[in-house]
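Participant: Starting off with a structure, shown below.
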Amino acid sequence: MSSRAGARQSMSELKLRRLLEHNQRLREDLARPRVKISEASSSLIRYCKSTKDHLVPSVWGPVGRAEDPYGQQGAGCQCCSVQ
């Protein structure tokens with residue numbers, strides 16, 4: 001019987017430890033700084049309006065070859081070099 005009591009005690013200690021760890025994670029989540037949705041969305045809209053995205057030419061117009069970070073750069077070798 002004592003082995004059963006020992007197993008029950010170790011199970012309850014394990015459950016307690018898990019609950020304490022979960023409680024600690026919840027406290028950390030609660031302490032994390034929050035931003036209101038209205039502030040976050042206005043910040044995102046402001047960023048999207050002010051940052052030029054070369055992958056969306058329908059919004060920003062055609063991109064010159066010199067400005068295009070995704071286009072081929074220079075007229076040198078057209079092959080890839082792996083270092």
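In the structure tokens, chains take the letters A, B, ... in the order shown, each chain's residues start at 1, and ligands count up from 1 in the order shown.
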Report as a ChimeraX atom specification all protein, DNA and RNA residues lying within 10 Å of Trp60 of chain A, evaluated on only C-alpha atoms, omitting residues in the same chain fewer than 6 positions from it.

Facilitator: /A:49,51-54

Participant: Could you tell me how far atom CA of Leu26 of chain A lies from atom CA of Leu14 of chain A, in Å and to one decimal?

Facilitator: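 Computed distance, atom CA of Leu26 of chain A to atom CA of Leu14 of chain A, equals 18.4 Å.
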
Participant: When DSSP works through the backbone of this structure, what residues of chain A end up as alpha helix (DSSP H), shown as a PyMOL selection string?

Facilitator: chain A and resi 2-31+37-50+57-60

Participant: Quote the spacing between atom CA of Val56 of chain A and atom CA of Asp68 of chain A in Å to one decimal place.

Facilitator: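 Taking atom CA of Val56 of chain A and atom CA of Asp68 of chain A, their separation equals 11.7 Å.
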